[in-house]
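Engineer: Have a look at this one before I ask anything.
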Amino acid sequence: MSTVTYPPGGAVVAPHEPTWRVRWRLTRKALRESWAMFRENPVGLVGLGIIVFYAILGALHPILMRTIWDEATYDPVTGFDRNIITHPSPPSWIQDEEIIIVDPGLQQWWTHLLGTDPLGRDILSQLMYSTSSEFGLGIGAALVTVFIATTTGAIAAYYGGIADTIIMRLADVLLMLPFIPILIVLSALFDFQLIHLAIVLGILSGLGGTNITIKAQALTLKVKAYVDAARVAGGSDWHIIFVHLVPNLLPLAFLYMMINVTNAIFSEAVLSFFGLLNIRISWGIMISTTQAAGYLLTGWEYWYLMFPAGLSISLLCSAFYLVGRALDEVINPRLRKR
């Protein structure tokens, strides 16, 4: 139990405060200051608003499926509206994998706010269901990127020599390789799901350009006084790397995390469009279904078949990029002074 001492003169000396509490207080103060600077950037607030909007959409889908929507009609993959099927017999496309084209003019807009796709499935349900997958993929790939980039970047900066040479030459090779063709080849050879795509994207980004940037920042931290003090105090190399270097690299890594979310969402859309991902439904698959049915280049008459998915990909990618730009002004001392 801590006690309060009274030295000569009557001044009260506060008891010793635990280190974790001091760090927590300083962290909260830094977060409040960063949030205050972030709020001054309207671009960042717009991006954050778009992200929150799509996060709410993704969270509402399972609630609507359990309360309001009928699974036989509104399931994003197996559901369809029987009132607009033009096939003379009962729909059997699920079992026989037949493509049954529906008449878009027969749909009832008060029951399908964004219309139905060429298979009679509700577009709004597909859009909302796919949102959670996009968030999971983007955040998963970004977390893998941050872990790999901060670890390898700090090791390359701290040790230098052959470790630095190997890591940086690997980063140069990955920078020269185009990601999309690599992903197309891998997804064609293996059974690719979202978790596999997130890991591959995280590895390619973490060992590529992000690694070079993180390593450059780690070089500036390596010569700081607190690193020298930790070394003189007997701290091991791994202690210095993971206690003193990596935590101070996380703000910059978080900035690149937002940018990598954008790359992951775009990559998933491309692979899904070509049918190279083993997932139920996604925004890329929605566009691919429209193209397969022949409605992709029909102009504005059937805008609802492509516009919601295409706009969602553009908006969510742009939102994470805008948030990343705003965070750059918070993290970068030079931009902060402007």
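In the structure tokens, chains take letters A, B, ... by order of appearance, with residues numbered from 1 within each chain and ligands from 1 in the order shown.
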Taking a cut-off of 8 Å and counting only C-alpha atoms, can you build a table that, for each residue of segment 199-311 of chain A near segment 125-138 of chain A, reports the nearest atom pair and how far apart they are in Å (one decimal), sorted by chain then residue number, as a tab-separated table?
Structural biologist:
residue	atom	partner	partner_atom	distance
A:Asn260	CA	A:Gly138	CA	7.2
A:Val261	CA	A:Gly138	CA	4.2
A:Thr262	CA	A:Gly138	CA	7.0
A:Asn263	CA	A:Gly138	CA	7.9
A:Ala264	CA	A:Gly138	CA	5.2
A:Ile265	CA	A:Gly138	CA	6.0
A:Ile281	CA	A:Ser130	CA	6.3
A:Ser282	CA	A:Ser130	CA	4.7
A:Trp283	CA	A:Ser130	CA	6.3
A:Met286	CA	A:Gln126	CA	7.8
A:Pro308	CA	A:Leu127	CA	7.5
A:Ala309	CA	A:Leu127	CA	6.7
Engineer: Near Val330 of chain A, within 12 Å and counting only C-alpha atoms, which residues show up once chain neighbours fewer than 4 positions away are dropped, as a PyMOL selection string?
Structural biologist: chain A and resi 30-41+44+251-252+254-255+323-326+334-338
Engineer: Next, the residues of the selection above should be written as a short mmCIF file (atom, residue, chain, number, x, y, z; two decimals), in the first residue's frame with N, CA and C atoms.
Structural biologist:
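Result written to part.cif:
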data_model
loop_
_atom_site.label_atom_id
_atom_site.label_comp_id
_atom_site.auth_asym_id
_atom_site.auth_seq_id
_atom_site.Cartn_x
_atom_site.Cartn_y
_atom_site.Cartn_z
N ALA A 30 -1.88 11.76 -26.28
CA ALA A 30 -1.45 11.81 -27.69
C ALA A 30 -2.62 11.52 -28.62
N LEU A 31 -3.49 10.58 -28.24
CA LEU A 31 -4.65 10.27 -29.07
C LEU A 31 -5.61 11.45 -29.16
N ARG A 32 -5.82 12.14 -28.04
CA ARG A 32 -6.70 13.32 -28.06
C ARG A 32 -6.13 14.41 -28.95
N GLU A 33 -4.83 14.64 -28.86
CA GLU A 33 -4.21 15.66 -29.69
C GLU A 33 -4.27 15.27 -31.18
N SER A 34 -4.04 13.99 -31.47
CA SER A 34 -4.10 13.54 -32.86
C SER A 34 -5.51 13.64 -33.41
N TRP A 35 -6.51 13.30 -32.60
CA TRP A 35 -7.90 13.41 -33.05
C TRP A 35 -8.29 14.86 -33.30
N ALA A 36 -7.79 15.76 -32.46
CA ALA A 36 -8.08 17.18 -32.65
C ALA A 36 -7.51 17.68 -33.97
N MET A 37 -6.29 17.23 -34.31
CA MET A 37 -5.69 17.63 -35.59
C MET A 37 -6.40 16.95 -36.76
N PHE A 38 -6.83 15.71 -36.57
CA PHE A 38 -7.53 15.00 -37.64
C PHE A 38 -8.86 15.67 -37.96
N ARG A 39 -9.56 16.15 -36.95
CA ARG A 39 -10.86 16.79 -37.17
C ARG A 39 -10.75 18.09 -37.95
N GLU A 40 -9.58 18.70 -37.95
CA GLU A 40 -9.40 19.95 -38.69
C GLU A 40 -9.29 19.72 -40.19
N ASN A 41 -9.14 18.46 -40.60
CA ASN A 41 -8.99 18.13 -42.02
C ASN A 41 -10.33 17.62 -42.55
N GLY A 44 -10.27 14.12 -44.41
CA GLY A 44 -10.26 12.95 -43.55
C GLY A 44 -11.61 12.64 -42.96
N PRO A 251 2.94 4.38 -35.64
CA PRO A 251 2.15 5.46 -36.27
C PRO A 251 2.32 5.52 -37.78
N LEU A 252 3.57 5.44 -38.25
CA LEU A 252 3.80 5.44 -39.70
C LEU A 252 3.25 4.17 -40.33
N PHE A 254 0.69 2.51 -39.33
CA PHE A 254 -0.77 2.64 -39.37
C PHE A 254 -1.20 3.46 -40.58
N LEU A 255 -0.42 4.45 -40.95
CA LEU A 255 -0.71 5.24 -42.14
C LEU A 255 -0.69 4.35 -43.38
N VAL A 323 -8.58 9.04 -45.64
CA VAL A 323 -8.21 8.94 -44.23
C VAL A 323 -6.69 8.82 -44.09
N GLY A 324 -6.07 8.08 -44.99
CA GLY A 324 -4.62 7.98 -44.96
C GLY A 324 -3.92 9.31 -45.21
N ARG A 325 -4.46 10.10 -46.13
CA ARG A 325 -3.89 11.43 -46.38
C ARG A 325 -4.03 12.33 -45.16
N ALA A 326 -5.18 12.25 -44.50
CA ALA A 326 -5.37 13.06 -43.30
C ALA A 326 -4.45 12.61 -42.17
N ARG A 334 6.49 17.68 -40.62
CA ARG A 334 6.61 18.78 -41.57
C ARG A 334 5.24 19.27 -42.02
N LEU A 335 4.33 18.33 -42.31
CA LEU A 335 2.98 18.72 -42.72
C LEU A 335 2.21 19.30 -41.55
N ARG A 336 2.52 18.86 -40.34
CA ARG A 336 1.80 19.34 -39.15
C ARG A 336 2.07 20.82 -38.90
N LYS A 337 3.23 21.31 -39.32
CA LYS A 337 3.58 22.70 -39.04
C LYS A 337 2.90 23.67 -40.01
N ARG A 338 2.33 23.17 -41.11
CA ARG A 338 1.73 24.06 -42.10
C ARG A 338 0.44 24.69 -41.57
#
Engineer: Calculated over only C-alpha atoms, which of the candidates A:Ile50, A:Tyr158, A:Pro18, A:Ala149 has the smallest distance to Ser236 of chain A?
Structural biologist: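 For Ser236 of chain A, the nearest of the candidates is A:Tyr158.
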Engineer: Kindly indicate which residue among A:Thr73, A:Thr27, A:Gly202, A:Gly140 lies nearest to His112 of chain A, using only C-alpha atoms for the distances.
Structural biologist: A:Thr73
Engineer: Between A:Gly161, A:Gly208, A:Gly284, A:Pro42, which is the closest to Pro178 of chain A once you count only C-alpha atoms?
Structural biologist: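 Answer, going by the shortest atom-to-atom distance: A:Gly208.
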Engineer: Rounded to one decimal in Å, what is the spacing between atom CA of Leu64 of chain A and atom CA of Leu119 of chain A?
Structural biologist: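 For atom CA of Leu64 of chain A relative to atom CA of Leu119 of chain A, the distance reads 21.1 Å.
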Engineer: Nearest to Ser272 of chain A: which of A:Leu194, A:Ile167, A:Met306, A:Leu201 is it, counting only C-alpha atoms?
Structural biologist: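 Result for the nearest residue to Ser272 of chain A: A:Leu194.
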Engineer: Please extract the residues of segment 47-237 of chain A with a backbone DSSP assignment of helix (DSSP H, G or I) and present them as a ChimeraX atom specification.
Structural biologist: /A:47-67,71-74,82-84,93-96,104-106,123-159,161-176,179-189,194-206,209-222,225-232,237
